[in-house]
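In what follows, a single structure is set out as structure tokens and then discussed.
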Amino acid sequence: MRAVVLVGGHGTRLRPLTLDTPKQMLPIVGRPMIEHVVGHLASHGITEVVLSLGFLPDAFTDAYPDGRCAGLPLHYAVEPEPLDTAGAIGFAATHAGIHDTFLVLNGDVMTDLDVTGLIAAHRRTGAEGTIALTPVEDPSRYGVVPTDDDGRVLGFIEKPAPGDAPTNRINAGTYVLEPSVLGRIDPGRRVSVERDVFPAMAAEGTLYAVASDAYWIDTGTPETYLQANLDLLDDPGGSVVAEDASVAPGASVVGSVVMAGASIGENALVEDSIVGSGARVGASSQVVGLSVLGAGAVVADGERVDGVRRPEVT
């Protein structure tokens with residue numbers, strides 16, 4: 001089975017880290033996020049990954065010039081213009097010549113989902129599409145997906161009022177789809193899979209869902225990107241510091257990510273924050289409160305930044 005991985009977004013919530021780097025190319029414990037995603041697919045027998053590209057596609061093609069990532073061959077499908085989620089799926093699948101059951105997933109989600117089990121469930125029901133669901137504490141921030149006892153999706157409820165959600169299970173961003181779904185997507189225009197395609201399938205009774213308690217995190221914000229890095233550490237109180245980053249004597253790095261080429265000056269404190277590649281944190285300075293320093297950003301000696309993004313983003 002082949003998989004379409006959606007990696008074309010601009011990653012606006014992660015700026016300034018994503019001003020010149022797609023979010024799926026940001027490191028998670030020393031490896032680009034996309035390598036974790038593709039490696040997980042490889043462990044479940046996926047044979048090829050189609051990357052649906054849009055924003056800065058050369059970042060991917062330059063990183064994997066031989067067309068292989070985490071052991072799997074890659075097919076690059078570069079959107080000529082933004083086509084939204086369903087439009088991107090349709091374009092990528094057509095570009096790659098997909099005519100059989102295929103997998104789709106959001107490339108900014110880190111998960112231990114049992115993909116093999118999801119595919120097996122899809123085949124048991126004979127569904128046109130099967131989506132993975134994950135429970136969350138506050139479903140009012142998401143679109144919730146109620147199902148019947150057989151797993152058939154009953155509808156999509158976008159950001160229900162607190163306390164009104166019929167379930168706490170949300171769309172986890174991994175789907176098994178039949179090629180007939182592609183016929184539901186008008187080529188060359190913006191179409192949303194969540195707002196257009198899936199609700200229509202649910203109304204026809206052809207969409208099913210499987211809930212899972214597997215590890216799942218959407219890495220699209222500084223908070224969740226940082227958490228995804230820390231979750232992979234053996235040390236629950238540790239930090240991720242790139243091998244070629246430098247941390248001077250007396251400096252402290254706590255619960256943070258320090259990327260390649262960054263430098264932390266003497267007696268500086270970096271806590272619960274992200275220091276981008278090549279950034280410089282001066283001596284006796286403090287970077288705290290989920291501050292995000294973009295590539296090459298500078299914090300002056302003795303300066304304190306708390307909850308700041310540098311450079312500032314709008």
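Residues are named by chain letter and number: chains run A, B, ... in the order of the structure tokens, numbers start at 1 in each chain, and ligands are numbered from 1 in the order shown.
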
**OP:** For Gly307 (chain A), list every protein, DNA or RNA residue within 12 Å, evaluated using only C-alpha atoms, and leave out those in the same chain fewer than 5 positions away; present the list as a PyMOL selection string.
**Re:** chain A and resi 222-223+270-274+286-293+312

Original post:
Where in region 158-286 of chain A does DSSP assign strand (DSSP E), given as JSON, numbers by chain?
Top reply: {"A": [158, 169, 170, 171, 172, 173, 174, 175, 176, 177, 207, 208, 209, 210, 211, 216, 217, 218, 240, 241, 246, 247, 252, 253, 254, 257, 258, 263, 264, 269, 270, 271, 274, 275, 280, 281, 286]}

Selected residues, N, CA, C and O atoms, written as a compact mmCIF listing (two decimals), in the first residue's frame, please.
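Final file, result_8.txt:
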```txt
# COMPACT_ATOMS: atom_id res chain seq x y z
N GLU A 158 -17.89 20.73 14.32
CA GLU A 158 -16.70 21.57 14.42
C GLU A 158 -16.76 22.44 15.68
O GLU A 158 -17.70 23.22 15.87
N ARG A 169 -13.76 12.30 20.99
CA ARG A 169 -12.89 11.73 19.96
C ARG A 169 -12.86 12.65 18.74
O ARG A 169 -13.90 13.05 18.22
N ILE A 170 -11.64 12.96 18.30
CA ILE A 170 -11.46 13.88 17.17
C ILE A 170 -10.73 13.17 16.03
O ILE A 170 -10.12 12.11 16.21
N ASN A 171 -10.79 13.78 14.89
CA ASN A 171 -10.08 13.31 13.70
C ASN A 171 -8.58 13.34 13.97
O ASN A 171 -8.02 14.40 14.26
N ALA A 172 -7.93 12.18 13.87
CA ALA A 172 -6.50 12.09 14.19
C ALA A 172 -5.60 12.30 12.98
O ALA A 172 -4.38 12.23 13.10
N GLY A 173 -6.19 12.53 11.79
CA GLY A 173 -5.38 12.88 10.64
C GLY A 173 -4.75 11.73 9.90
O GLY A 173 -3.80 11.93 9.13
N THR A 174 -5.24 10.49 10.10
CA THR A 174 -4.79 9.34 9.32
C THR A 174 -6.01 8.65 8.74
O THR A 174 -6.95 8.36 9.48
N TYR A 175 -5.99 8.40 7.43
CA TYR A 175 -7.15 7.86 6.74
C TYR A 175 -6.74 6.72 5.81
O TYR A 175 -5.67 6.75 5.21
N VAL A 176 -7.63 5.72 5.70
CA VAL A 176 -7.52 4.71 4.66
C VAL A 176 -8.66 4.99 3.67
O VAL A 176 -9.82 5.05 4.06
N LEU A 177 -8.31 5.16 2.40
CA LEU A 177 -9.30 5.58 1.41
C LEU A 177 -9.29 4.65 0.20
O LEU A 177 -8.23 4.16 -0.23
N LEU A 207 -18.48 6.13 5.37
CA LEU A 207 -17.30 6.52 6.13
C LEU A 207 -17.35 5.90 7.52
O LEU A 207 -18.36 6.01 8.23
N TYR A 208 -16.25 5.22 7.89
CA TYR A 208 -16.15 4.59 9.20
C TYR A 208 -14.97 5.18 9.96
O TYR A 208 -14.14 5.90 9.39
N ALA A 209 -14.89 4.87 11.25
CA ALA A 209 -13.80 5.39 12.07
C ALA A 209 -13.38 4.34 13.09
O ALA A 209 -14.18 3.49 13.50
N VAL A 210 -12.13 4.42 13.49
CA VAL A 210 -11.55 3.55 14.50
C VAL A 210 -10.87 4.42 15.55
O VAL A 210 -9.99 5.22 15.21
N ALA A 211 -11.29 4.30 16.79
CA ALA A 211 -10.69 5.07 17.88
C ALA A 211 -9.46 4.36 18.43
O ALA A 211 -9.40 3.13 18.47
N TRP A 216 -0.35 10.34 20.43
CA TRP A 216 -0.72 11.22 19.31
C TRP A 216 -0.47 12.66 19.71
O TRP A 216 -0.86 13.09 20.79
N ILE A 217 0.19 13.40 18.84
CA ILE A 217 0.37 14.83 19.10
C ILE A 217 0.49 15.56 17.78
O ILE A 217 1.20 15.14 16.86
N ASP A 218 -0.25 16.65 17.66
CA ASP A 218 -0.17 17.55 16.52
C ASP A 218 0.93 18.56 16.83
O ASP A 218 0.82 19.35 17.77
N VAL A 240 16.61 18.70 24.50
CA VAL A 240 17.20 18.21 23.25
C VAL A 240 18.17 19.27 22.76
O VAL A 240 17.77 20.38 22.41
N VAL A 241 19.45 18.92 22.77
CA VAL A 241 20.50 19.85 22.33
C VAL A 241 21.24 19.20 21.17
O VAL A 241 21.78 18.10 21.30
N SER A 246 26.46 24.64 21.00
CA SER A 246 27.42 24.83 22.09
C SER A 246 26.73 25.44 23.30
O SER A 246 25.93 26.37 23.17
N VAL A 247 27.04 24.88 24.46
CA VAL A 247 26.50 25.36 25.72
C VAL A 247 27.70 25.70 26.62
O VAL A 247 28.46 24.81 27.00
N SER A 252 22.44 26.91 31.75
CA SER A 252 21.45 25.87 32.05
C SER A 252 20.43 25.81 30.91
O SER A 252 19.91 26.85 30.48
N VAL A 253 20.17 24.60 30.46
CA VAL A 253 19.15 24.36 29.43
C VAL A 253 18.16 23.37 30.03
O VAL A 253 18.51 22.22 30.32
N VAL A 254 16.92 23.81 30.23
CA VAL A 254 15.92 23.02 30.96
C VAL A 254 14.66 22.89 30.11
O VAL A 254 14.07 23.91 29.71
N VAL A 257 14.52 22.90 23.49
CA VAL A 257 15.14 22.39 22.27
C VAL A 257 16.15 23.42 21.79
O VAL A 257 15.81 24.60 21.63
N VAL A 258 17.38 22.98 21.58
CA VAL A 258 18.44 23.84 21.04
C VAL A 258 18.92 23.20 19.74
O VAL A 258 19.44 22.08 19.75
N SER A 263 24.20 28.66 19.93
CA SER A 263 25.16 28.80 21.03
C SER A 263 24.48 29.45 22.23
O SER A 263 23.72 30.40 22.09
N ILE A 264 24.78 28.89 23.41
CA ILE A 264 24.24 29.38 24.67
C ILE A 264 25.42 29.90 25.48
O ILE A 264 26.35 29.15 25.79
N LEU A 269 20.37 31.12 30.88
CA LEU A 269 19.30 30.16 31.20
C LEU A 269 18.36 30.07 30.00
O LEU A 269 17.83 31.09 29.54
N VAL A 270 18.14 28.84 29.52
CA VAL A 270 17.12 28.57 28.51
C VAL A 270 16.16 27.57 29.13
O VAL A 270 16.56 26.46 29.49
N GLU A 271 14.91 27.97 29.29
CA GLU A 271 13.95 27.12 29.99
C GLU A 271 12.62 27.11 29.23
O GLU A 271 12.08 28.18 28.90
N ILE A 274 12.50 27.28 22.70
CA ILE A 274 13.06 26.70 21.49
C ILE A 274 14.07 27.68 20.92
O ILE A 274 13.74 28.84 20.65
N VAL A 275 15.29 27.20 20.72
CA VAL A 275 16.37 28.01 20.16
C VAL A 275 16.69 27.46 18.78
O VAL A 275 17.16 26.33 18.64
N ARG A 280 21.87 32.77 18.74
CA ARG A 280 22.86 33.03 19.78
C ARG A 280 22.18 33.59 21.01
O ARG A 280 21.47 34.61 20.94
N VAL A 281 22.39 32.93 22.14
CA VAL A 281 21.87 33.38 23.43
C VAL A 281 23.07 33.89 24.23
O VAL A 281 23.98 33.13 24.55
N GLN A 286 18.47 35.30 29.75
CA GLN A 286 17.43 34.33 30.08
C GLN A 286 16.43 34.25 28.93
O GLN A 286 15.91 35.27 28.48
```

**OP:** For region 163-166 of chain A, please output as a PyMOL selection string all residues within 9 Å (counting only C-alpha atoms; exclusion window: fewer than 6 positions along the same chain).
**Re:** chain A and resi 139-140+144-146+157

Original post:
Between A:Leu105, A:Ala251, A:Leu113, A:Ala63, which has the minimum distance to Ala86 (chain A) (counting only C-alpha atoms)?
Top reply: A:Leu105

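Residues within 8 Å of Pro73 (chain A), counting only C-alpha atoms and excluding same-chain residues fewer than 2 positions away, are Thr47, Glu48, Val49, Gly67, Arg68, Cys69, Gly71 and His75 of chain A.
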
Got time to write the residues from that selection, all heavy atoms, as a JSON list (two decimals), in the first residue's frame?
```
[["chain", "number", "residue", "atom", "x", "y", "z"],
["A", 47, "THR", "N", 4.74, 0.76, 1.25],
["A", 47, "THR", "CA", 5.80, 0.50, 0.28],
["A", 47, "THR", "C", 6.33, 1.75, -0.41],
["A", 47, "THR", "O", 7.44, 1.74, -0.95],
["A", 47, "THR", "CB", 5.29, -0.47, -0.80],
["A", 47, "THR", "OG1", 4.11, 0.07, -1.39],
["A", 47, "THR", "CG2", 4.98, -1.83, -0.20],
["A", 48, "GLU", "N", 5.55, 2.82, -0.44],
["A", 48, "GLU", "CA", 6.00, 4.07, -1.06],
["A", 48, "GLU", "C", 5.25, 5.23, -0.42],
["A", 48, "GLU", "O", 4.08, 5.10, -0.07],
["A", 48, "GLU", "CB", 5.74, 4.06, -2.57],
["A", 48, "GLU", "CG", 6.25, 5.33, -3.27],
["A", 48, "GLU", "CD", 5.86, 5.40, -4.74],
["A", 48, "GLU", "OE1", 4.67, 5.17, -5.05],
["A", 48, "GLU", "OE2", 6.74, 5.70, -5.56],
["A", 49, "VAL", "N", 5.92, 6.37, -0.31],
["A", 49, "VAL", "CA", 5.31, 7.57, 0.23],
["A", 49, "VAL", "C", 5.25, 8.63, -0.86],
["A", 49, "VAL", "O", 6.27, 8.93, -1.51],
["A", 49, "VAL", "CB", 6.08, 8.10, 1.45],
["A", 49, "VAL", "CG1", 5.65, 9.51, 1.80],
["A", 49, "VAL", "CG2", 5.85, 7.17, 2.64],
["A", 67, "GLY", "N", 15.66, 10.30, -3.55],
["A", 67, "GLY", "CA", 14.26, 9.91, -3.55],
["A", 67, "GLY", "C", 13.93, 8.83, -2.55],
["A", 67, "GLY", "O", 12.95, 8.09, -2.74],
["A", 68, "ARG", "N", 14.68, 8.76, -1.47],
["A", 68, "ARG", "CA", 14.39, 7.78, -0.42],
["A", 68, "ARG", "C", 14.46, 8.46, 0.94],
["A", 68, "ARG", "O", 15.31, 9.32, 1.18],
["A", 68, "ARG", "CB", 15.35, 6.58, -0.45],
["A", 68, "ARG", "CG", 15.28, 5.76, -1.72],
["A", 68, "ARG", "CD", 16.10, 4.47, -1.61],
["A", 68, "ARG", "NE", 15.48, 3.52, -0.69],
["A", 68, "ARG", "CZ", 14.52, 2.66, -1.04],
["A", 68, "ARG", "NH1", 14.06, 2.63, -2.27],
["A", 68, "ARG", "NH2", 14.06, 1.80, -0.16],
["A", 69, "CYS", "N", 13.56, 8.05, 1.84],
["A", 69, "CYS", "CA", 13.52, 8.61, 3.20],
["A", 69, "CYS", "C", 13.15, 7.48, 4.15],
["A", 69, "CYS", "O", 12.15, 6.78, 3.92],
["A", 69, "CYS", "CB", 12.50, 9.74, 3.26],
["A", 69, "CYS", "SG", 12.20, 10.40, 4.92],
["A", 71, "GLY", "N", 14.16, 4.64, 4.49],
["A", 71, "GLY", "CA", 14.08, 3.33, 3.85],
["A", 71, "GLY", "C", 13.02, 3.18, 2.79],
["A", 71, "GLY", "O", 12.96, 2.14, 2.13],
["A", 75, "HIS", "N", 7.79, 9.75, -3.78],
["A", 75, "HIS", "CA", 7.30, 10.35, -5.01],
["A", 75, "HIS", "C", 6.92, 11.78, -4.66],
["A", 75, "HIS", "O", 6.15, 12.01, -3.73],
["A", 75, "HIS", "CB", 6.07, 9.59, -5.55],
["A", 75, "HIS", "CG", 5.50, 10.18, -6.80],
["A", 75, "HIS", "ND1", 5.76, 9.65, -8.05],
["A", 75, "HIS", "CD2", 4.70, 11.26, -7.00],
["A", 75, "HIS", "CE1", 5.14, 10.38, -8.96],
["A", 75, "HIS", "NE2", 4.49, 11.35, -8.35]]
```

**OP:** Check the smallest atom-to-atom distance from each of A:Pro162, A:Gly205, A:Gly9, A:Gly143 to Thr130 (chain A) using only C-alpha atoms, then report the winner.
**Re:** A:Gly205

Original post:
So, counting only C-alpha atoms, which residue among A:Thr94, A:Thr61, A:Asn229, A:Thr21 is closest to Gly188 (chain A)?
Top reply: A:Thr94

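Using only C-alpha atoms, the contacts of Ala260 (chain A) at a cut-off of 9 Å, with sequence neighbours closer than 6 positions omitted, comprise Gly30, Val241, Ala242, Glu243, Asp244, Ala245, Ser246, Gly276, Ser277, Gly278 and Ala279 of chain A.
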
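Considering the residues A:Asn106, A:Thr206, A:Thr116, A:Ser284 and counting only C-alpha atoms, Ser180 (chain A) has its shortest atom-to-atom contact with A:Thr206.
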
**OP:** Provide the CA of Pro16 (chain A) to CA of Gly220 (chain A) distance in Å, to one decimal place.
**Re:** 12.5 Å

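Picture a line from CA of Thr85 (chain A) to CA of Val193 (chain A); it runs 5.6 Å.
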
Original post:
Which one is closest to Asp84 (chain A): A:Arg31, A:Lys159, A:Arg195, A:His36? Count only C-alpha atoms.
Top reply: A:Arg195

Subject >> Non-local contacts of region 11-15 of chain A (8 Å; only C-alpha atoms; under 5 positions in same chain excluded) as a ChimeraX atom specification >> reply: /A:22-23,220-222,294,313

Any chance you can output those residues with C-alpha atoms as an mmCIF file, in the first residue's frame?
```cif
data_model
loop_
_atom_site.group_PDB
_atom_site.id
_atom_site.type_symbol
_atom_site.label_atom_id
_atom_site.label_comp_id
_atom_site.auth_asym_id
_atom_site.auth_seq_id
_atom_site.Cartn_x
_atom_site.Cartn_y
_atom_site.Cartn_z
ATOM 1 C CA PRO A 22 8.805 23.483 6.256
ATOM 2 C CA LYS A 23 7.661 22.280 9.670
ATOM 3 C CA GLY A 220 1.862 22.497 14.759
ATOM 4 C CA THR A 221 2.403 24.928 17.650
ATOM 5 C CA PRO A 222 5.566 25.818 19.599
ATOM 6 C CA GLY A 294 14.272 31.686 14.804
ATOM 7 C CA VAL A 313 5.955 37.445 13.410
#
```

Subject >> DSSP alpha helix (DSSP H) selection over region 47-226 of chain A, as JSON, numbers by chain >> reply: {"A": [58, 59, 60, 61, 62, 63, 84, 85, 86, 87, 88, 89, 90, 91, 92, 93, 94, 95, 115, 116, 117, 118, 119, 120, 121, 122, 123, 124, 125, 198, 199, 200, 201, 202, 203, 204, 222, 223, 224, 225, 226]}

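Relative to CA of Val7 (chain A), CA of Asp213 (chain A) is found at 24.4 Å.
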
**OP:** For Thr219 (chain A), list every protein, DNA or RNA residue within 7 Å, evaluated using only C-alpha atoms, and leave out those in the same chain fewer than 2 positions away; present the list as a ChimeraX atom specification.
**Re:** /A:108-109,217,221,224-225,228

Would you export the selected residues with N, CA, C and O atoms as a compact mmCIF listing (two decimals), in the first residue's frame, please?
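That gives us part.txt:
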```txt
# COMPACT_ATOMS: atom_id res chain seq x y z
N ASP A 108 2.36 16.48 9.99
CA ASP A 108 2.82 17.16 11.20
C ASP A 108 2.30 16.48 12.47
O ASP A 108 2.33 17.07 13.55
N VAL A 109 1.84 15.23 12.35
CA VAL A 109 1.36 14.47 13.50
C VAL A 109 2.37 13.38 13.84
O VAL A 109 2.79 12.61 12.97
N ILE A 217 0.19 13.40 18.84
CA ILE A 217 0.37 14.83 19.10
C ILE A 217 0.49 15.56 17.78
O ILE A 217 1.20 15.14 16.86
N THR A 221 2.19 23.72 16.86
CA THR A 221 2.40 24.93 17.65
C THR A 221 3.73 24.80 18.39
O THR A 221 4.25 23.69 18.59
N THR A 224 3.37 22.30 21.32
CA THR A 224 3.29 20.87 21.00
C THR A 224 4.55 20.38 20.28
O THR A 224 4.94 19.24 20.44
N TYR A 225 5.19 21.25 19.50
CA TYR A 225 6.45 20.87 18.88
C TYR A 225 7.51 20.59 19.95
O TYR A 225 8.23 19.58 19.89
N ALA A 228 6.61 17.30 21.71
CA ALA A 228 6.92 16.11 20.91
C ALA A 228 8.39 15.74 21.04
O ALA A 228 8.74 14.55 21.10
```

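Nearest residue to Asp100 (chain A), choosing from A:Asp148, A:Asp112, A:Glu137, A:Glu178 and counting only C-alpha atoms: A:Glu178.
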